[in-house]
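Participant: My questions will all concern the structure given below.
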Amino acid sequence: MSSVIRGGNGKGSATVEIGVGRPPIKFGEPRPPIGFAVNAERGAFPDDPDDPDAFALSRDEIRSFLRLITSSLRVTRHYDLFRLVQDEVQNFIPHRILVSAWGNFDSAELKIDVISAIRGVRTNRPASCDIERLLNTLYVRWLANGRQPLLLHNSLGELLASSSCRCAVHEALHGMRTALVHGNHSVRDGSDSLYLALHTGSITKSEVSVERFRFLADLIISQLDTAFRKVAALKRLGDPGTRSAHRRAGLSVREEEIIDWVARGRTNAEIAGILSLSEFTVKNHVRRIMKKLGAANRTEAVARFRRDVRNPRARDHNEDASVVANRG
């Protein structure tokens, strides 16, 4: 004896069969959504660009894209962004450096985030770094390209020629051969965010056409923009008051960078991954930081760092008050 239940909603069908000698449940396969045809072959595209299946994702690409979405939904910290960019994003957009910029592109008031595994190439670069000039130029080119993914080959050197900055970020930029420039425009408030992915080799894979790469880049950048908006902007080294403050506390630039990550709740292993250092090196830096700040543990070191380095005026006020009290 068996019972058969059939149903459909126009998008697919479902069949449930219950009985002896038959599979307990059997579901019909629904039709995949447009752009996600699981049987698509890599590099096989119809001649009609308006065909919805022209850039259908392969099975591997679907799996990787779904992992990217899942990871982006879990982003709460800058370290999560670093992991996201170094993992799934590389499957679609191979790169060594990723720069994110948002804010007012008509002025110098840009917010910038730099993510890279290259030593020293990260957001908290020196305040003298003028990468904003490069990003403003690329932003204008992106607008002129109709806000569509823009590929550059061997042209960064010319764009960087006007800059005299020799920070780690600029030194790394000079070694990049190809770049992808793309962003996201918010119709709601009219704001734009721009992303610059750079690579020492080819940023497009040999088996992927340029048109298809642009299609994939649009998908990935849109998802990245959602993830980046979930994390607050990092401060850069050398902002007013920071440089003299960490000198008075006796901390080196590297030590100030590490204690800043400790203050954000990162473990030694996470900091090592972010700064491309060994966990042992980070551990030694943390020990020296605690000694310089006169702290017994990480929590106390963070508290002293915030009081003495991040808020030097308050410390100066306390020191002045102490001197007056001693004189009295």
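The chains in the structure tokens are called A, B, ... from first to last as shown; in each chain the residues are counted from 1, and the ligands are counted from 1 in the order shown.
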Output as a list in words all residues of stretch 105-295 of chain A that backbone DSSP marks as strand (DSSP E or B).
Facilitator: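 Put together, the selection reads Leu110, Lys111, Ile112, Asp113, Val114, Ile115, Ser116, Leu150, Leu151, Leu152, His153, Thr178, Ala179, Leu180, Val181, His182, Gly183, Asn184, His185, Asp192, Ser193, Leu194, Tyr195, Leu196, Ala197, Leu198 and His199 of chain A.
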Participant: Would you mind listing what lies within 8 Å of A:Ala217 as a PyMOL selection string, with only C-alpha atoms counted and same-chain residues fewer than 3 positions away left out?
Facilitator: chain A and resi 92-93+149+182+213-214+220-221
Participant: Restricting the calculation to only C-alpha atoms, which member of A:Gly157, A:Gly175, A:Gly183, A:Gly120 is positioned closest to A:Trp142?
Facilitator: A:Gly183
Participant: Of the candidates A:Ser202, A:Ser164, A:Ser116, A:Ser222, which one gets nearest to A:Phe65 if we count only C-alpha atoms?
Facilitator: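 Closest to A:Phe65, using only C-alpha atoms: A:Ser222.
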Participant: Nearest to A:Leu81: which of A:Ile62, A:Val187, A:Ala233, A:Leu110 is it, counting only C-alpha atoms?
Facilitator: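 Looking only at the distances to A:Leu81, the closest residue turns out to be A:Ala233.
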Participant: Within 9 Å of A:Val85, counting only C-alpha atoms, which residues show up once you throw out same-chain ones fewer than 4 positions away? Write them as a PDB file with C-alpha atoms, in the first residue's frame, please.
Facilitator:
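As a result, result_23.pdb now contains:
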```
ATOM      1  CA  ASP A  80      36.792  38.790   9.739  1.00  0.00           C
ATOM      2  CA  LEU A  81      37.167  41.043   6.698  1.00  0.00           C
ATOM      3  CA  VAL A  89      37.251  36.404  -2.684  1.00  0.00           C
ATOM      4  CA  GLN A  90      40.541  35.145  -4.127  1.00  0.00           C
ATOM      5  CA  LEU A  98      42.442  45.374  -1.585  1.00  0.00           C
ATOM      6  CA  ILE A 115      43.673  44.866   3.507  1.00  0.00           C
ATOM      7  CA  SER A 116      46.688  42.805   2.496  1.00  0.00           C
ATOM      8  CA  LEU A 224      31.991  42.767  -0.181  1.00  0.00           C
TER       9      LEU A 224
END
```
Participant: What lies within 8 Å of A:Leu275 using only C-alpha atoms, ignoring chain neighbours under 4 positions off, as a list in words?
Facilitator: Ala117, Arg119, Gly120 and Ile271 of chain A
Participant: What does the distance from atom CA of A:Leu135 to atom CA of A:Ile118 come to in Å, to one decimal?
Facilitator: 19.8 Å
Participant: Would you please extract all helix (DSSP H, G or I) residues from stretch 64-240 of chain A, as assigned by DSSP on the backbone, and give them as JSON, numbers by chain?
Facilitator: {"A": [64, 65, 66, 67, 68, 69, 70, 71, 72, 73, 78, 79, 80, 81, 82, 83, 84, 85, 86, 88, 89, 90, 91, 92, 131, 132, 133, 134, 135, 136, 137, 138, 139, 140, 141, 142, 143, 144, 156, 157, 158, 159, 160, 168, 169, 170, 171, 172, 173, 210, 211, 212, 213, 214, 215, 216, 217, 218, 219, 220, 221, 222, 223, 224, 225, 226, 227, 228]}
Participant: Neighbours of A:Arg254 within 12 Å (only C-alpha atoms; same-chain residues fewer than 5 positions away dropped), as a VMD selection string?
Facilitator: chain A and resid 119 to 120 124 to 125 237 243 246 to 247 259 to 261 271 275 277 281 to 282 284 to 286 288 to 289
